[in-house]
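Visitor: Sharing a structure below in C-alpha cells format, with a few things to ask.
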Amino acid sequence: MDDLQLNIVSHIKKKPPKKPKNQQPLPGTTSGYKFKPKPDFSGKIIARKRPQNTGPNKFPVKRVEEPQNKVPRLSQPSLSKDSLDSTLRDLSENKGKFHGKNYQEINDELQINQKPRSGPWISSLFKNNPDVPKLGQKAVKPLIEKVFAGKTFSNLNIHPHSVANLEKNLNLKELMTVQQKAIPIILEGRDTLIRSQTGSGKTLAYALPVIEALQAIRPKINRHDGVRVIVVVPTRELAVQTFDLFVKLVKPFIWIVPGLLSGGTKRKAEKSRLRKGLSILVGTPGRINDHLRHTHSLNFSKTGCLILDEADRLLDMGYEKDVAAIVKAIEDHKKAATYDPIALVKQTFNTQKLDNSGNKDQEIDDAGPQQESTNVYPLTKVFLSTERQTILLSATLTKAVENLAGITMQDPVFVDTSDGKTVVADSIKQNKPIENVQPNGESPMKTITKQNVSSELKETSNSKKEIVNNADDDSDSDYEYFKVQKELDTKNIDVKKNEDENTNEEKHINESKNTFVQAIKTAIGEDELVLPATVNQTFLIVPMKLRLVTLCSLIIEHCVLNKAQHGKMIVFMGTHEMVDFHTELIEKVLTGKNGRSKKINKKYKEKKKSENMDSEDSESELEVDYEGSVEGGVVPQELDVFSLHGNMDHEKRVLTFKQFCAAKKGLLFCTDVAARGLDVHKVDLVLQYCTPASATDYVHRVGRTGRAAQVGAAVLLLLPSETEFVRHLEQKRIRLRQSDESQALDALRSVVPTAPTRQRAAIALQAKLEYTVHSSKEWLTMASRAFTSWVRFYSGCPREAREWMDARQLHLGHAAKAFALRETPAAVARRARSDPKLQKDRPNNRLTVHDEEEKKRPGFPKMKVGVFAHKIVNKQSSMHTASEFDSGLPPVDTYTRKIKKNK
Ligand SMILES: Nc1ncnc2c1ncn2[C@@H]1O[C@H](COP(=O)(O)OP(=O)(O)OP(=O)(O)O)[C@@H](O)[C@H]1O
C-alpha cells in the first residue's frame, strides 16, 4: 500500500516464489516491482507496489538529512544459526507462535511501533485514483407537496382546549395539508392509509383525532379500563418521540394516560406501569409482543384503534409476525370480553346515550360533574363498540403495505398529499355505519345474517372452521388466519348485499372500492417518491481513497466554519462498526477529545510536538503537522460528536438522541436506525456517507432535514462506480445536482493553514488520521472491524442495489486507506478474524428470543417467510435490519463456511 507497509512486510521472512527458468518478464513488469492492470479503471495502470525512491517524482521533494536519534528505521532482524534453531524450537513448542506470540500480535506490534519515515511524507492519496465522471442531469420534474393547508386548527371543529393547547404549548397554529385531509376522516372512524412526504406532520395527523375521540367518551375513560389505542413504531427513538407528543397533547385531558413500551428498558418497570393502566400505548412491536406473552395485565379488549406508523419499515424489518400477533391479540381479547354481559350492557347503554343526546349535561359521569360540552365523533363510537379502526402511515408505500392494508383494514380511505395527484380515495362513498354492540357480542350485521339466513351462517361457520383448519394444516401463521377472516367477512358482506334491495348502492360500493385499490396501486406502481422541496439535494463523486478526508472536510465546513447556520449534521453509515469507529476517530482527530472506549498507548500520548515546527519548507511543514498534532485537535473542542445505532446500550441510545436533539450544534453518526420518523430540530445537513440500498432509504434519510417546510441540505457521497444510483433516483423523480468534488476539500486548508494547497492539507490530515489509527492496538482493531463490516455490508447488499453497489468494482486496498489503514486488505481481514467480538452471534433486535417460547407461540411455529409479500421483500428486509443492527452478515464462521462451500 505504501512505504510503511513495505517496511513491515520486510520483517516477515518469505520464501521467494519459484521462477521458471528462462522466463521472459511479463509486459508491464519491471524487475523492482510489479504492475498489474486493473479492469475497473479504464485501462489505467496501477502500481501494486510502490517504487522506493525510483524514477522521477511528480512532486519533487527535498530529502532532509536524517537525524540519528529521530526516527529509527526498523532494521532487518538478523538470524544466526543458533537463533534460527531456537526460533524453530519455539515455533514447534508453541504451535505456530513466535516467542510466545502469534503472528497477529507481532504484526500489530510492528504496526504500532512503526514510526513515520524521516524526511517528507510521501502520500499516495492523490495517485492512481479513478477519474471522476461528470454526470449530466436528466430532465426530471420532482413531485411537490404543499406542506401547509392555509387553515387553522379551529377550522377542524375539535375541542377548544385542544386548540389552545396546540397554540400555547406546542406553538402550532396552521394546519398542515395531511392533517387537514386526514383528521376529519380518522374522526369518522374510518380505516385510513396515509402517505405524505417526510416531515409533513403525520404524527399529529393521527394523534390529535385519536385524543379527540377519547376525550369525548362519557363516562370519562379510566386508565384501568385497558388500552384504547395502540401505536406501533419501528424504532425505540421514534417510540420515545411519539410518546412525548402524546404526553403534550393529553395535557388538557389528564384522565387519558399514554404509556411507552420500547425495547431495551427494564421490563419490570414497564409491567408495573401496565398494571396501573394505560389508555394509549406507544411501543415497538417486539416489546409489545413480549408483554403480550408475559404480562397478564395487558388487555386489548377495549382497543378501538391500531396505528402502524412507518408501516413499510415495520414490514421491511421483519416485524410482520409481531404485528400479526398484536392484531390477533386485539381480536382475541375483544372476543373474550364480549362474554361479560354486565360490561356489554353498560357499554351499549353508554353508546345509546351518546347517540341520543350528544349533550353532556344529561350524561351521568362517574368521575363527577362535567365542565364543558364535547363533540361526539363516530370514532368515539368505535371505541365503545367491538369495532377497531386501523391507521397505516408512511412517506413511502410498498406492495407489502398494500397487502397489510388488504388484510387488516375494512372499507379504508387512502390519503395521498402529493401535488397534482392529491387523493382521498374512499373504498365506500357513504360512511360505514358503526354498529352498536349487541348483548350477545355480535354486531347487528351478523345478527341479521343469523336471523335471516341461518343455514347460510351454518355453512359459513363450517367453512370458517374448515378454512381455519386448512390454515392450521398449511401454515399456522396469524396472517393466514387474517386472510381467512377477511374472506369470511367478504362472504358475509356479500350475503348481506344479496338481501339488499338497493342494488345501485352495491354498484356504488364496488366502484368506489375500485377507486381506492386503484389509487393505492397507482401510488405504488408509479414508483414516484416525494421529498420536501425545501431540501437542496446534491451528490459528490469521490474516489475511495479520498473519502475519509472528504468526510472531515465536509464536517469542518459545515459544523465549524459555517457560523451562520446551527450546524447540526447527520452522517448515515452502513454498519454500526463504522459508526463507532468514525465517531471516535473524527472526535479524536478533529477535536482532540478522547472518546469513551479509547485506551490510547501512553507512549504515544507523551509524544512531544516536532522540533521542526518552525521550518520554512512547506514540505516539512506538512511533516510537522503530521508528527506534532496527534495530541490536540484541529478544530475547537465545542464540536460535539454523537453516535446512534441499534447495537448500543438502550440508555445510552436514548440519552444520545435526547442530547443531540437538545444540542445547538452537533454531529451525529448513525445507521438507518435514525432514518425513520426521527424529528430532530434544525438539522441542516444530512450526509449519506454510505450509499443507501434503495431509493426509499434515500428518501427517509434525506427526510431528517427540511422538516415542516424548513430549509435543509442533503449530500450523497458516491464512489465513481456508484453513479448508477443517481439514474435510479431520477427514475423515481428525484433530482440531484452534482457538486464539484475538487472544492470538497477546501475547508481543510483552514485547519492546516501551513499547507499551500488543498491536496497538501488533505495529505496532512490523512497522515494524522493514519497515525492515530496506528497508535494502539485498540485503534487498529476498531478500524479493521469497521473495514471488514463495510466490505461485508457492501458485498451483502440486496440484489436490486447491485446495480450501483457492485462489490467487484471495489479496490479494497484503496478502501483500507479510507479507514486510515496502511495494511493490505488481507492483513486487515486477518486482524478482524482474530477479533473475539466478531466471533459473537449477531444481535437480532429481539428482546426475548427464547426458542422454546417461540415454538409455543400459537400460530407461529409454521410461519412461512414471505407470507406477506414475495421473497424479494424478505431478502431486502434482512438487509435493512442488518444495516441497522449489525454488520450485515452472519457470524464470521458461517460466512467463511459459505465462501468455502462456494469455492
Ligand atoms: N401544524 C403544524 N404546524 C407546524 N409544524 C408542525 C405542524 N404539525 C407538525 N409540525 C411539526 O412538523 C415536524 C414533523 O412532524 P412529524 O414528525 O409528524 O412528520 P412526519 O410526517 O411523521 O415525518 P416522517 O415521515 O419523517 O416520520 C415536527 O417537528 C412537528 O412538530
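Chain lettering (A, B, ...) mirrors the order of the C-alpha cells, residue numbering begins at 1 for each chain separately, and ligand numbering begins at 1 in order of display.
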Grab me every residue within 8 Å of ligand 1, counting only C-alpha atoms and all ligand atoms, and send it over as number ranges by chain.

Guide: A: 148, 153, 170-176, 179, 196-205, 309-310, 394-395, 675-681, 700, 703-704, 707-708

Visitor: Filtering to N, CA and C atoms, could you give me those residues as a tab-separated table (two decimals), in the first residue's frame?

Guide:
```tsv
chain	number	residue	atom	x	y	z
A	148	PHE	N	-48.26	23.26	4.06
A	148	PHE	CA	-49.29	23.86	4.91
A	148	PHE	C	-50.60	24.05	4.14
A	153	PHE	N	-56.31	25.25	13.26
A	153	PHE	CA	-56.87	24.09	13.95
A	153	PHE	C	-58.32	24.31	14.37
A	170	LEU	N	-47.58	23.89	22.12
A	170	LEU	CA	-46.81	23.32	21.01
A	170	LEU	C	-46.48	24.35	19.93
A	171	ASN	N	-47.01	25.53	20.13
A	171	ASN	CA	-46.75	26.62	19.19
A	171	ASN	C	-47.17	26.27	17.75
A	172	LEU	N	-48.27	25.54	17.62
A	172	LEU	CA	-48.77	25.15	16.29
A	172	LEU	C	-50.09	25.87	16.03
A	173	LYS	N	-50.16	26.57	14.93
A	173	LYS	CA	-51.38	27.32	14.62
A	173	LYS	C	-52.02	26.84	13.33
A	174	GLU	N	-51.18	26.77	12.30
A	174	GLU	CA	-51.72	26.44	10.98
A	174	GLU	C	-51.71	24.93	10.76
A	175	LEU	N	-52.74	24.47	10.09
A	175	LEU	CA	-52.84	23.04	9.78
A	175	LEU	C	-51.91	22.66	8.62
A	176	MET	N	-51.33	21.49	8.71
A	176	MET	CA	-50.57	21.01	7.56
A	176	MET	C	-51.53	20.24	6.65
A	179	GLN	N	-52.75	16.91	7.71
A	179	GLN	CA	-53.61	16.99	8.89
A	179	GLN	C	-55.01	17.44	8.49
A	196	SER	N	-47.73	10.67	2.96
A	196	SER	CA	-47.33	12.05	2.70
A	196	SER	C	-45.84	12.18	3.01
A	197	GLN	N	-45.23	13.19	2.45
A	197	GLN	CA	-43.77	13.29	2.49
A	197	GLN	C	-43.21	13.38	3.92
A	198	THR	N	-41.93	13.19	4.05
A	198	THR	CA	-41.29	13.23	5.37
A	198	THR	C	-41.43	14.64	5.97
A	199	GLY	N	-41.60	14.67	7.26
A	199	GLY	CA	-41.68	15.95	7.98
A	199	GLY	C	-42.94	16.74	7.70
A	200	SER	N	-44.00	16.03	7.24
A	200	SER	CA	-45.22	16.76	6.87
A	200	SER	C	-46.28	16.73	7.97
A	201	GLY	N	-45.93	16.23	9.16
A	201	GLY	CA	-46.85	16.27	10.29
A	201	GLY	C	-47.81	15.11	10.38
A	202	LYS	N	-47.36	13.93	9.96
A	202	LYS	CA	-48.25	12.75	10.01
A	202	LYS	C	-48.56	12.33	11.45
A	203	THR	N	-47.58	12.53	12.35
A	203	THR	CA	-47.79	12.06	13.73
A	203	THR	C	-48.98	12.79	14.35
A	204	LEU	N	-49.00	14.10	14.17
A	204	LEU	CA	-50.12	14.88	14.73
A	204	LEU	C	-51.42	14.53	14.00
A	205	ALA	N	-51.28	14.16	12.72
A	205	ALA	CA	-52.48	13.84	11.93
A	205	ALA	C	-53.24	12.65	12.49
A	309	ASP	N	-47.29	3.13	12.43
A	309	ASP	CA	-46.52	4.22	11.82
A	309	ASP	C	-45.32	3.62	11.12
A	310	GLU	N	-44.89	4.24	10.03
A	310	GLU	CA	-43.79	3.72	9.20
A	310	GLU	C	-44.09	2.25	8.87
A	394	SER	N	-47.04	6.08	6.15
A	394	SER	CA	-45.63	6.11	5.72
A	394	SER	C	-45.46	7.17	4.63
A	395	ALA	N	-44.20	7.59	4.48
A	395	ALA	CA	-43.91	8.51	3.38
A	395	ALA	C	-43.70	7.73	2.09
A	675	ALA	N	-33.09	6.73	10.49
A	675	ALA	CA	-33.60	7.23	9.21
A	675	ALA	C	-35.11	7.41	9.21
A	676	ARG	N	-35.79	6.75	10.14
A	676	ARG	CA	-37.25	6.77	10.09
A	676	ARG	C	-37.88	7.61	11.19
A	677	GLY	N	-38.66	8.55	10.76
A	677	GLY	CA	-39.54	9.27	11.69
A	677	GLY	C	-38.88	10.24	12.65
A	678	LEU	N	-37.58	10.14	12.85
A	678	LEU	CA	-36.97	10.99	13.87
A	678	LEU	C	-37.07	12.46	13.49
A	679	ASP	N	-37.48	13.22	14.46
A	679	ASP	CA	-37.72	14.63	14.21
A	679	ASP	C	-36.76	15.43	15.08
A	680	VAL	N	-35.56	15.65	14.56
A	680	VAL	CA	-34.57	16.41	15.30
A	680	VAL	C	-34.62	17.84	14.79
A	681	HIS	N	-34.71	18.73	15.74
A	681	HIS	CA	-34.88	20.13	15.39
A	681	HIS	C	-33.64	20.67	14.70
A	700	HIS	N	-35.98	8.57	3.12
A	700	HIS	CA	-36.15	8.70	4.57
A	700	HIS	C	-34.93	9.32	5.24
A	703	GLY	N	-35.03	12.88	4.53
A	703	GLY	CA	-36.18	13.45	5.25
A	703	GLY	C	-35.88	13.91	6.67
A	704	ARG	N	-34.66	13.64	7.17
A	704	ARG	CA	-34.34	14.12	8.52
A	704	ARG	C	-34.04	15.62	8.50
A	707	ARG	N	-37.59	19.60	7.54
A	707	ARG	CA	-38.87	19.19	8.10
A	707	ARG	C	-39.79	20.39	8.33
A	708	ALA	N	-41.04	20.16	8.20
A	708	ALA	CA	-42.06	21.21	8.38
A	708	ALA	C	-41.70	22.46	7.58
```

Visitor: With only C-alpha atoms as the counted atoms, please give the residues lying no more than 6 Å from range 257-271 of chain A, apart from itself and same-chain residues fewer than 2 positions off, as a PDB file with N, CA and C atoms, in the first residue's frame.

Guide:
```
ATOM      1  N   ARG A 236     -36.962   2.506  18.726  1.00  0.00           N
ATOM      2  CA  ARG A 236     -37.145   2.988  20.100  1.00  0.00           C
ATOM      3  C   ARG A 236     -37.189   4.506  20.155  1.00  0.00           C
ATOM      4  N   ARG A 273     -46.122  -0.321  35.188  1.00  0.00           N
ATOM      5  CA  ARG A 273     -46.861   0.749  34.502  1.00  0.00           C
ATOM      6  C   ARG A 273     -48.124   0.167  33.857  1.00  0.00           C
ATOM      7  N   LEU A 274     -47.969  -1.009  33.290  1.00  0.00           N
ATOM      8  CA  LEU A 274     -49.128  -1.648  32.649  1.00  0.00           C
ATOM      9  C   LEU A 274     -50.179  -2.032  33.688  1.00  0.00           C
ATOM     10  N   LEU A 278     -53.031   1.938  31.229  1.00  0.00           N
ATOM     11  CA  LEU A 278     -52.677   2.922  30.197  1.00  0.00           C
ATOM     12  C   LEU A 278     -53.829   3.061  29.229  1.00  0.00           C
ATOM     13  N   SER A 279     -54.061   4.263  28.752  1.00  0.00           N
ATOM     14  CA  SER A 279     -55.109   4.445  27.741  1.00  0.00           C
ATOM     15  C   SER A 279     -54.511   4.369  26.346  1.00  0.00           C
ATOM     16  N   ILE A 280     -53.311   4.955  26.185  1.00  0.00           N
ATOM     17  CA  ILE A 280     -52.661   4.937  24.864  1.00  0.00           C
ATOM     18  C   ILE A 280     -51.317   4.249  25.036  1.00  0.00           C
ATOM     19  N   LEU A 281     -51.089   3.258  24.231  1.00  0.00           N
ATOM     20  CA  LEU A 281     -49.844   2.506  24.340  1.00  0.00           C
ATOM     21  C   LEU A 281     -48.986   2.754  23.107  1.00  0.00           C
ATOM     22  N   VAL A 282     -47.801   3.291  23.322  1.00  0.00           N
ATOM     23  CA  VAL A 282     -46.882   3.516  22.199  1.00  0.00           C
ATOM     24  C   VAL A 282     -45.710   2.561  22.392  1.00  0.00           C
ATOM     25  N   GLY A 283     -45.339   1.843  21.360  1.00  0.00           N
ATOM     26  CA  GLY A 283     -44.226   0.910  21.559  1.00  0.00           C
ATOM     27  C   GLY A 283     -43.702   0.303  20.275  1.00  0.00           C
ATOM     28  N   THR A 284     -42.607  -0.402  20.454  1.00  0.00           N
ATOM     29  CA  THR A 284     -42.025  -1.141  19.321  1.00  0.00           C
ATOM     30  C   THR A 284     -42.684  -2.523  19.287  1.00  0.00           C
ATOM     31  N   ARG A 287     -41.360  -5.426  21.667  1.00  0.00           N
ATOM     32  CA  ARG A 287     -41.585  -5.273  23.104  1.00  0.00           C
ATOM     33  C   ARG A 287     -43.064  -5.424  23.463  1.00  0.00           C
ATOM     34  N   HIS A 650     -29.373   0.562  25.528  1.00  0.00           N
ATOM     35  CA  HIS A 650     -30.600   1.346  25.360  1.00  0.00           C
ATOM     36  C   HIS A 650     -30.520   2.734  26.002  1.00  0.00           C
TER      37      HIS A 650
END
```

Visitor: Would you return as JSON, numbers by chain the members of range 698-782 of chain A that DSSP assigns to alpha helix (DSSP H) on this structure's backbone?

Guide: {"A": [698, 699, 700, 701, 702, 724, 725, 726, 727, 728, 729, 730, 731, 748, 749, 750, 751, 758, 759, 760, 761, 762, 763, 764, 765, 766, 767, 768, 769, 770, 771, 772, 773, 777, 778, 779, 780, 781, 782]}

Visitor: May I ask which of the residues A:Lys777, A:Asp191, A:Ile555, A:Ile211 is the closest one to Ala405 in chain A, counting only C-alpha atoms?

Guide: A:Asp191

Visitor: With only C-alpha atoms as the atoms that count, which of A:Val233, A:Leu729, A:Met409, A:Leu135 lies nearest to Gly189 in chain A?

Guide: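 Between A:Val233, A:Leu729, A:Met409, A:Leu135, the residue approaching Gly189 in chain A most closely is A:Met409.
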
Visitor: I'd like the contact shell of range 535-544 of chain A - 10 Å cut-off, only C-alpha atoms, skipping same-chain residues fewer than 4 positions apart - returned as JSON, numbers by chain.

Guide: {"A": [125, 126, 128, 129, 130, 131, 132, 133, 134, 135, 531, 548, 550, 684, 685, 686, 687, 688, 702, 703, 705, 706, 707, 709, 710, 711, 712, 713, 714, 715, 716, 717, 718, 719, 720, 721, 722, 723, 726, 734, 735, 736, 737, 738, 739, 740, 741, 742, 744, 810, 811, 812, 813, 814, 815, 816, 817, 818, 819]}

Visitor: Convert the current residue selection to file output with C-alpha atoms, as a PDB file, in the first residue's frame.

Guide:
```pdb
ATOM      1  CA  LEU A 125      -3.613   9.788  -1.576  1.00  0.00           C
ATOM      2  CA  PHE A 126      -3.965  11.508  -4.930  1.00  0.00           C
ATOM      3  CA  ASN A 128      -3.958   6.095  -9.037  1.00  0.00           C
ATOM      4  CA  ASN A 129      -7.443   7.319  -8.322  1.00  0.00           C
ATOM      5  CA  PRO A 130     -10.094   6.609 -10.925  1.00  0.00           C
ATOM      6  CA  ASP A 131     -11.397   9.557 -12.916  1.00  0.00           C
ATOM      7  CA  VAL A 132     -14.446  11.282 -11.540  1.00  0.00           C
ATOM      8  CA  PRO A 133     -17.159  11.329 -14.197  1.00  0.00           C
ATOM      9  CA  LYS A 134     -19.305  14.398 -14.768  1.00  0.00           C
ATOM     10  CA  LEU A 135     -22.881  13.212 -14.900  1.00  0.00           C
ATOM     11  CA  LEU A 531     -39.142  14.831  -0.945  1.00  0.00           C
ATOM     12  CA  LEU A 548     -12.234   9.939   4.767  1.00  0.00           C
ATOM     13  CA  THR A 550     -13.633  14.482   2.256  1.00  0.00           C
ATOM     14  CA  ASP A 684     -29.429  21.423   8.278  1.00  0.00           C
ATOM     15  CA  LEU A 685     -27.256  18.817   6.613  1.00  0.00           C
ATOM     16  CA  VAL A 686     -27.721  15.117   6.010  1.00  0.00           C
ATOM     17  CA  LEU A 687     -24.672  13.380   4.596  1.00  0.00           C
ATOM     18  CA  GLN A 688     -25.046   9.874   3.246  1.00  0.00           C
ATOM     19  CA  VAL A 702     -32.870  12.915   3.461  1.00  0.00           C
ATOM     20  CA  GLY A 703     -36.180  13.450   5.249  1.00  0.00           C
ATOM     21  CA  THR A 705     -33.737  17.638   7.240  1.00  0.00           C
ATOM     22  CA  GLY A 706     -36.094  20.191   5.716  1.00  0.00           C
ATOM     23  CA  ARG A 707     -38.872  19.185   8.100  1.00  0.00           C
ATOM     24  CA  ALA A 709     -41.093  23.330   5.353  1.00  0.00           C
ATOM     25  CA  GLN A 710     -37.737  24.341   6.812  1.00  0.00           C
ATOM     26  CA  VAL A 711     -34.665  24.714   4.631  1.00  0.00           C
ATOM     27  CA  GLY A 712     -32.153  21.845   4.565  1.00  0.00           C
ATOM     28  CA  ALA A 713     -29.372  20.271   2.537  1.00  0.00           C
ATOM     29  CA  ALA A 714     -28.567  16.679   1.684  1.00  0.00           C
ATOM     30  CA  VAL A 715     -25.282  15.425   0.269  1.00  0.00           C
ATOM     31  CA  LEU A 716     -24.837  11.951  -1.143  1.00  0.00           C
ATOM     32  CA  LEU A 717     -21.253  10.683  -1.296  1.00  0.00           C
ATOM     33  CA  LEU A 718     -20.775   8.283  -4.179  1.00  0.00           C
ATOM     34  CA  LEU A 719     -17.873   6.242  -5.472  1.00  0.00           C
ATOM     35  CA  PRO A 720     -17.142   6.585  -9.186  1.00  0.00           C
ATOM     36  CA  SER A 721     -18.572   3.084  -9.580  1.00  0.00           C
ATOM     37  CA  GLU A 722     -21.842   4.000  -7.869  1.00  0.00           C
ATOM     38  CA  THR A 723     -23.116   6.698 -10.222  1.00  0.00           C
ATOM     39  CA  VAL A 726     -28.297   8.880  -9.486  1.00  0.00           C
ATOM     40  CA  ILE A 734     -35.794  12.713  -7.531  1.00  0.00           C
ATOM     41  CA  ARG A 735     -33.420  15.299  -8.926  1.00  0.00           C
ATOM     42  CA  LEU A 736     -29.913  15.871  -7.574  1.00  0.00           C
ATOM     43  CA  ARG A 737     -27.212  18.270  -8.619  1.00  0.00           C
ATOM     44  CA  GLN A 738     -23.585  17.215  -8.907  1.00  0.00           C
ATOM     45  CA  SER A 739     -21.173  19.164  -6.686  1.00  0.00           C
ATOM     46  CA  ASP A 740     -17.608  19.902  -7.650  1.00  0.00           C
ATOM     47  CA  GLU A 741     -15.511  17.311  -5.848  1.00  0.00           C
ATOM     48  CA  SER A 742     -12.350  19.377  -6.245  1.00  0.00           C
ATOM     49  CA  ALA A 744     -14.953  19.497  -1.351  1.00  0.00           C
ATOM     50  CA  LEU A 810     -14.165  -2.118  -5.271  1.00  0.00           C
ATOM     51  CA  HIS A 811     -10.449  -1.623  -4.836  1.00  0.00           C
ATOM     52  CA  LEU A 812     -10.000  -2.965  -1.338  1.00  0.00           C
ATOM     53  CA  GLY A 813      -6.530  -1.522  -0.948  1.00  0.00           C
ATOM     54  CA  HIS A 814      -7.948   1.930  -1.582  1.00  0.00           C
ATOM     55  CA  ALA A 815     -10.836   1.126   0.731  1.00  0.00           C
ATOM     56  CA  ALA A 816      -8.423   0.335   3.567  1.00  0.00           C
ATOM     57  CA  LYS A 817      -6.982   3.814   3.132  1.00  0.00           C
ATOM     58  CA  ALA A 818     -10.489   5.211   3.614  1.00  0.00           C
ATOM     59  CA  PHE A 819     -10.386   3.564   7.045  1.00  0.00           C
TER      60      PHE A 819
END
```

Visitor: Apply DSSP to the backbone of this structure and, from range 710-750 of chain A, keep only the residues in strand (DSSP E or B); write these as a list in words.

Guide: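 The strand (DSSP E or B) residues within range 710-750 of chain A come out as Gly712, Ala713, Ala714, Val715, Leu716, Leu717, Leu718, Arg737 and Gln738 of chain A.
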
Visitor: Could you check the closest approach to Lys251 in chain A for each of A:Ala164, A:Thr824, A:Asn289, A:Ala325 and tell me which residue wins, using only C-alpha atoms?

Guide: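 Under the stated criterion, the closest residue is A:Ala164.
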
Visitor: Which residue, A:Met569, A:Leu193, A:Cys559, A:Val589, has the smallest gap to Thr408 in chain A when you use only C-alpha atoms?

Guide: A:Leu193

Visitor: Go through A:Arg701, A:Lys127, A:Lys593, A:His159 one by one, measure the shortest atom-to-atom distance of each to Val250 in chain A using only C-alpha atoms, and give the residue with the smallest value.

Guide: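 Of A:Arg701, A:Lys127, A:Lys593, A:His159, the one nearest Val250 in chain A is A:His159, counting only C-alpha atoms.
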
Visitor: Quick one: everything within 6 Å of Cys670 in chain A, counting only C-alpha atoms, minus sequence neighbours fewer than 5 positions away in the same chain. Send it as a ChimeraX atom specification.

Guide: /A:572,579,643-645
